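As stored in upload.cif (mmCIF, C-alpha atoms):
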data_run
loop_
_atom_site.label_atom_id
_atom_site.label_comp_id
_atom_site.auth_asym_id
_atom_site.auth_seq_id
_atom_site.Cartn_x
_atom_site.Cartn_y
_atom_site.Cartn_z
CA MET A 1 0.00 0.00 0.00
CA ARG A 2 2.84 2.34 0.90
CA GLN A 3 4.38 1.63 -2.38
CA PHE A 4 1.41 3.00 -4.12
CA LEU A 5 1.05 5.98 -1.77
CA ALA A 6 4.69 7.14 -2.24
CA ALA A 7 5.07 10.29 -4.25
CA ALA A 8 5.77 9.72 -7.80
CA PRO A 9 9.15 10.97 -8.90
CA ASP A 10 9.27 14.36 -10.63
CA PRO A 11 10.17 13.83 -14.21
CA THR A 12 11.97 17.21 -14.24
CA SER A 13 14.18 16.37 -11.29
CA GLN A 14 14.85 13.00 -12.73
CA ALA A 15 15.93 14.48 -15.98
CA SER A 16 18.12 16.87 -14.11
CA SER A 17 19.65 14.03 -12.14
CA GLU A 18 20.33 12.14 -15.28
CA ALA A 19 21.88 15.20 -16.97
CA TYR A 20 24.11 16.02 -14.01
CA PRO A 21 25.46 13.05 -12.11
CA PRO A 22 25.75 13.40 -8.34
CA SER A 23 29.52 13.79 -8.44
CA GLU A 24 29.33 16.64 -10.90
CA ALA A 25 26.22 18.31 -9.49
CA SER A 26 27.77 18.68 -6.05
CA THR A 27 30.65 20.72 -7.51
CA PRO A 28 29.11 22.87 -10.21
CA HIS A 29 32.07 25.35 -10.17
CA SER A 30 34.88 22.84 -10.10
CA LEU A 31 37.53 23.27 -12.79
CA SER A 32 37.95 20.78 -15.53
CA PRO A 33 41.19 18.82 -15.53
CA GLY A 34 42.52 20.53 -18.72
CA ARG A 35 41.71 24.22 -17.78
CA ASP A 36 44.56 26.79 -17.01
CA ASP A 37 43.97 28.47 -13.63
CA SER A 38 46.84 31.08 -14.00
CA ARG A 39 44.31 33.87 -14.59
CA GLU A 40 42.89 33.58 -11.14
CA THR A 41 46.18 32.94 -9.24
CA PRO A 42 49.21 34.91 -10.59
CA PRO A 43 52.64 33.40 -10.02
CA ALA A 44 54.94 34.68 -7.27
CA ASP A 45 57.38 36.49 -9.63
CA TRP A 46 54.52 38.52 -11.09
CA LEU A 47 53.54 39.63 -7.65
CA ALA A 48 57.12 40.71 -6.98
CA LEU A 49 57.14 42.74 -10.20
CA LEU A 50 53.86 44.37 -9.30
CA ARG A 51 55.16 45.26 -5.86
CA ALA A 52 58.35 46.72 -7.45
CA LEU A 53 56.39 49.15 -9.65
CA SER A 54 56.81 52.85 -8.73
CA THR A 55 54.11 54.45 -6.72
CA ARG A 56 52.68 57.92 -7.19
CA ALA A 57 54.98 59.26 -4.48
CA ASP A 58 57.99 57.76 -6.24
CA LEU A 59 56.95 59.32 -9.55
CA THR A 60 56.36 62.68 -7.88
CA GLN A 61 59.79 62.57 -6.23
CA ALA A 62 61.50 61.57 -9.49
CA THR A 63 59.70 64.33 -11.39
CA SER A 64 60.70 66.88 -8.75
CA ALA A 65 64.34 65.76 -8.91
CA LEU A 66 64.29 65.94 -12.72
CA GLN A 67 62.81 69.43 -12.64
CA THR A 68 65.46 70.54 -10.14
CA SER A 69 68.23 69.15 -12.36
CA ILE A 70 66.77 70.81 -15.46
CA ARG A 71 66.47 74.14 -13.63
CA ALA A 72 70.09 73.90 -12.50
CA ASP A 73 71.24 73.13 -16.04
CA LEU A 74 69.18 76.01 -17.41
CA GLN A 75 70.68 78.32 -14.81
CA LEU A 76 74.18 77.27 -15.89
CA MET A 77 73.25 77.80 -19.53
CA ARG A 78 71.90 81.26 -18.72
CA ALA A 79 75.12 82.08 -16.87
CA ASP A 80 77.20 80.88 -19.83
CA ILE A 81 75.09 82.86 -22.30
CA GLN A 82 75.33 85.96 -20.10
CA GLY A 83 79.09 85.50 -19.88
CA MET A 84 79.35 85.24 -23.66
CA ALA A 85 77.15 88.32 -24.03
CA ASP A 86 79.42 90.23 -21.64
CA CYS A 87 82.48 89.08 -23.58
CA MET A 88 80.89 90.17 -26.86
CA ALA A 89 80.00 93.54 -25.36
CA GLN A 90 83.58 93.97 -24.13
CA ILE A 91 84.96 92.95 -27.52
CA GLU A 92 82.66 95.41 -29.29
CA ALA A 93 83.66 98.16 -26.86
CA ASP A 94 87.35 97.39 -27.41
CA HIS A 95 86.76 97.33 -31.17
CA ASP A 96 85.03 100.71 -31.05
CA SER A 97 87.83 102.11 -28.89
CA LEU A 98 90.51 100.76 -31.24
CA THR A 99 88.61 102.08 -34.25
CA ALA A 100 88.35 105.53 -32.69
CA ALA A 101 92.03 105.46 -31.69
CA GLN A 102 93.01 104.35 -35.19
CA ALA A 103 90.90 107.09 -36.76
CA ALA A 104 92.49 109.65 -34.43
CA GLN A 105 95.95 108.30 -35.24
CA VAL A 106 95.25 108.44 -38.97
CA ALA A 107 93.98 112.01 -38.63
CA SER A 108 97.03 112.96 -36.55
CA HIS A 109 99.35 111.27 -39.04
CA SER A 110 97.65 113.06 -41.93
CA LYS A 111 97.97 116.37 -40.10
CA GLN A 112 101.61 115.68 -39.27
CA THR A 113 102.29 114.69 -42.87
CA ALA A 114 100.68 117.89 -44.10
CA GLN A 115 102.73 119.93 -41.61
CA MET A 116 105.93 118.19 -42.70
CA HIS A 117 105.05 118.84 -46.33
CA ILE A 118 104.45 122.53 -45.60
CA GLU A 119 107.66 122.66 -43.59
CA ASP A 120 109.58 121.08 -46.46
CA LEU A 121 108.14 123.60 -48.91
CA ASP A 122 109.04 126.44 -46.54
CA ASN A 123 112.61 125.19 -46.17
CA ARG A 124 112.92 124.76 -49.93
CA GLY A 125 111.91 128.38 -50.34
CA ARG A 126 114.64 129.33 -47.83
CA ARG A 127 117.38 127.07 -49.19
CA GLN A 128 119.35 130.03 -50.66
CA ASN A 129 118.83 132.24 -47.60
CA LEU A 130 121.64 133.15 -45.24
CA GLN A 131 121.03 134.42 -41.71
CA ILE A 132 123.65 136.79 -40.29
CA ARG A 133 123.60 137.62 -36.58
CA GLY A 134 125.58 140.40 -34.91
CA LEU A 135 125.65 143.15 -37.54
CA GLN A 136 124.73 146.54 -36.16
CA GLU A 137 121.50 148.11 -37.28
CA GLY A 138 121.99 150.01 -40.54
CA GLU A 139 124.67 147.66 -41.89
CA ASP A 140 122.25 145.68 -44.00
CA THR A 141 122.59 147.17 -47.47
CA PRO A 142 123.71 144.83 -50.26
CA ALA A 143 127.02 146.72 -50.57
CA GLN A 144 127.80 146.35 -46.87
CA LEU A 145 126.80 142.69 -46.91
CA LYS A 146 129.01 142.11 -49.96
CA ASP A 147 132.04 143.51 -48.12
CA THR A 148 131.28 141.40 -45.05
CA LEU A 149 130.91 138.15 -46.98
CA ASN A 150 134.00 138.81 -49.14
CA ASP A 151 136.04 139.43 -45.99
CA LEU A 152 134.74 136.12 -44.64
CA LEU A 153 135.78 134.31 -47.83
CA SER A 154 139.17 136.10 -47.88
CA ARG A 155 138.37 137.62 -51.23
CA PRO A 156 138.70 141.19 -52.46
CA ARG A 157 135.75 143.32 -51.47
CA GLU A 158 135.17 144.18 -55.11
CA THR A 159 134.27 140.56 -55.89
CA PRO A 160 130.63 140.67 -56.99
CA ILE A 161 128.00 138.79 -54.99
CA GLU A 162 124.50 138.69 -56.40
CA PHE A 163 121.69 139.16 -53.88
CA VAL A 164 118.06 138.44 -54.63
CA ARG A 165 116.98 140.37 -51.54
CA ALA A 166 118.26 141.34 -48.10
CA HIS A 167 116.39 142.62 -45.05
CA ARG A 168 116.28 142.53 -41.29
CA ALA A 169 114.26 139.94 -39.38
CA LEU A 170 110.56 140.72 -39.50
CA ARG A 171 110.08 142.13 -36.01
CA LEU A 172 110.10 145.56 -34.47
CA ARG A 173 113.40 147.26 -33.84
CA GLY A 174 114.34 147.18 -30.17
CA PRO A 175 115.86 149.88 -27.98
CA PRO A 176 119.48 150.97 -28.60
CA GLU A 177 120.86 148.63 -25.92
CA ALA A 178 118.98 145.63 -27.39
CA PRO A 179 120.87 143.18 -29.63
CA PRO A 180 120.52 143.93 -33.33
CA ARG A 181 118.04 142.04 -35.43
CA ASP A 182 119.31 139.28 -37.68
CA VAL A 183 119.91 139.99 -41.34
CA ILE A 184 118.23 137.65 -43.83
CA CYS A 185 119.81 137.73 -47.27
CA CYS A 186 118.85 135.58 -50.23
CA LEU A 187 121.77 134.78 -52.52
CA GLU A 188 121.26 134.09 -56.16
CA LEU A 189 123.56 131.05 -56.10
CA TYR A 190 122.95 128.18 -53.68
CA ALA A 191 126.55 127.00 -54.07
CA LEU A 192 127.83 130.38 -52.86
CA LYS A 193 125.69 130.16 -49.73
CA GLU A 194 127.08 126.69 -48.96
CA GLU A 195 130.62 127.95 -49.52
CA ILE A 196 130.08 130.82 -47.07
CA LEU A 197 128.64 128.49 -44.40
CA HIS A 198 131.49 126.02 -44.87
CA GLU A 199 134.08 128.78 -44.40
CA ALA A 200 132.23 130.07 -41.32
CA ARG A 201 132.26 126.59 -39.74
CA ASN A 202 135.98 126.23 -40.40
CA ARG A 203 136.82 129.59 -38.83
CA GLY A 204 134.69 129.10 -35.75
CA GLU A 205 134.55 132.62 -34.29
CA ILE A 206 134.14 135.42 -36.84
CA THR A 207 134.92 139.08 -36.11
CA HIS A 208 133.96 141.87 -38.48
CA GLU A 209 135.07 145.41 -37.61
CA GLY A 210 135.22 144.51 -33.94
CA GLN A 211 131.84 142.77 -33.93
CA HIS A 212 131.26 139.07 -33.35
CA VAL A 213 129.26 137.78 -36.28
CA LYS A 214 127.57 134.40 -36.65
CA LEU A 215 126.15 132.88 -39.80
CA TYR A 216 123.34 130.31 -39.96
CA PRO A 217 121.21 128.73 -42.66
CA ASP A 218 117.74 130.25 -42.71
CA LEU A 219 115.28 127.56 -41.60
CA CYS A 220 111.59 127.64 -40.76
CA PRO A 221 110.68 127.91 -37.04
CA THR A 222 109.34 124.34 -36.91
CA THR A 223 112.64 122.86 -38.06
CA LEU A 224 114.54 125.05 -35.61
CA GLY A 225 112.24 123.82 -32.82
CA TYR A 226 112.98 120.18 -33.73
CA ARG A 227 116.72 120.84 -33.68
CA ILE A 228 116.54 122.58 -30.31
CA GLU A 229 114.61 119.64 -28.80
CA ARG A 230 117.26 117.20 -30.01
#
What would the structure in this file look like if it were written as structure tokens?
Amino acid sequence: MRQFLAAAPDPTSQASSEAYPPSEASTPHSLSPGRDDSRETPPADWLALLRALSTRADLTQATSALQTSIRADLQLMRADIQGMADCMAQIEADHDSLTAAQAAQVASHSKQTAQMHIEDLDNRGRRQNLQIRGLQEGEDTPAQLKDTLNDLLSRPRETPIEFVRAHRALRLRGPPEAPPRDVICCLELYALKEEILHEARNRGEITHEGQHVKLYPDLCPTTLGYRIER
């Protein structure tokens, strides 16, 4: 009787029991023998690598150190550039100074050359002039000068000497006790002037009618100044 009163088996549960055996149904999430479980459980060396990765603090510290190094390098570069700029400014200043000095030297040399040229022309115009010092005022006529120069050359006073011109130095006549002004005479022959100067150098001291007379070549004041300085 109990056999007939027992609940009939559920066809759905029976089908389920047949589809999933008890050994497999009890472990629905168990892994199959051929499945790789590395996705769920990483190996130990991977964990070590993950732990060795830099953290945000490490990256921040490294970035800060890099920025500090870059700033220091930039500061050195700025200092080097500023130093080169200062050197260039000094070089340009020296160049400008040298250029100005060279221009001034060229101008001075040109002026000096012009002065020397003028001095040479002046001396060439005086090359036949003879300067006589010591003759009393009034003894400057060509006849008196001819006698004086012939006496110096130990020649007869009648020996002719051609003068282009003769005059006293171009300054005012002084008081009677003042020394007489020099006599400037221009001879027609340059060779005669050189002969007179040569004879005057050989004699040394020259006396004419009790007066000490000196003879010089007539030179421009600039040349006389150079000779006095030397």
Original post:
What does the PyMOL selection byres ((chain A and resi 183) around 12) select in this file, as a PyMOL selection string?
Top reply: chain A and resi 129-142+144-145+165-171+180-182+184-186+213-218
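Comparing the minimum interatomic distances between A:Ile206 and each of A:Leu153, A:Leu192, A:Leu98, A:Ile91, counting all atoms listed in the file, we find that A:Leu153 sits nearest.
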Let me have the centre and edge lengths of the axis-aligned box enclosing all listed atoms of stretch 135-148 of chain A with 5 Å padding on every side, in Å to one decimal, as AutoDock Vina command-line options.
--center_x 126.8 --center_y 145.7 --center_z -43.4 --size_x 20.5 --size_y 18.6 --size_z 24.4
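The coordinates place atom CA of A:Ile161 at 6.1 Å from atom CA of A:Lys146.
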Subject >> Counting only C-alpha atoms, the residue of A:His109, A:Thr63, A:Pro160, A:Ala101 that sits nearest A:Ala143 >> reply: A:Pro160
Subject >> One-decimal distance in Å that lies between atom CA of A:Ser108 and atom CA of A:Leu121 >> reply: 19.7 Å
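For the pair atom CA of A:Glu158 and atom CA of A:Ala200, the interatomic distance is 19.9 Å.
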If the PyMOL selection byres ((chain A and resi 152) around 8) is run on the structure shown, which residues does it catch, given as an mmCIF file with C-alpha atoms, in the frame of the given file?
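result03.cif, freshly written:
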data_model
loop_
_atom_site.group_PDB
_atom_site.id
_atom_site.type_symbol
_atom_site.label_atom_id
_atom_site.label_comp_id
_atom_site.auth_asym_id
_atom_site.auth_seq_id
_atom_site.Cartn_x
_atom_site.Cartn_y
_atom_site.Cartn_z
ATOM 1 C CA THR A 148 131.280 141.400 -45.050
ATOM 2 C CA LEU A 149 130.910 138.150 -46.980
ATOM 3 C CA ASN A 150 134.000 138.810 -49.140
ATOM 4 C CA ASP A 151 136.040 139.430 -45.990
ATOM 5 C CA LEU A 153 135.780 134.310 -47.830
ATOM 6 C CA SER A 154 139.170 136.100 -47.880
ATOM 7 C CA ARG A 155 138.370 137.620 -51.230
ATOM 8 C CA ILE A 196 130.080 130.820 -47.070
ATOM 9 C CA GLU A 199 134.080 128.780 -44.400
ATOM 10 C CA ALA A 200 132.230 130.070 -41.320
ATOM 11 C CA ILE A 206 134.140 135.420 -36.840
#
**OP:** Could you pull out every residue with an atom within 12 Å of (116.7, 124.2, -52.2), file coordinates, counting all atoms listed in the file, and send them as a ChimeraX atom specification?
**Re:** /A:120-129,186-191,193-194,217-219
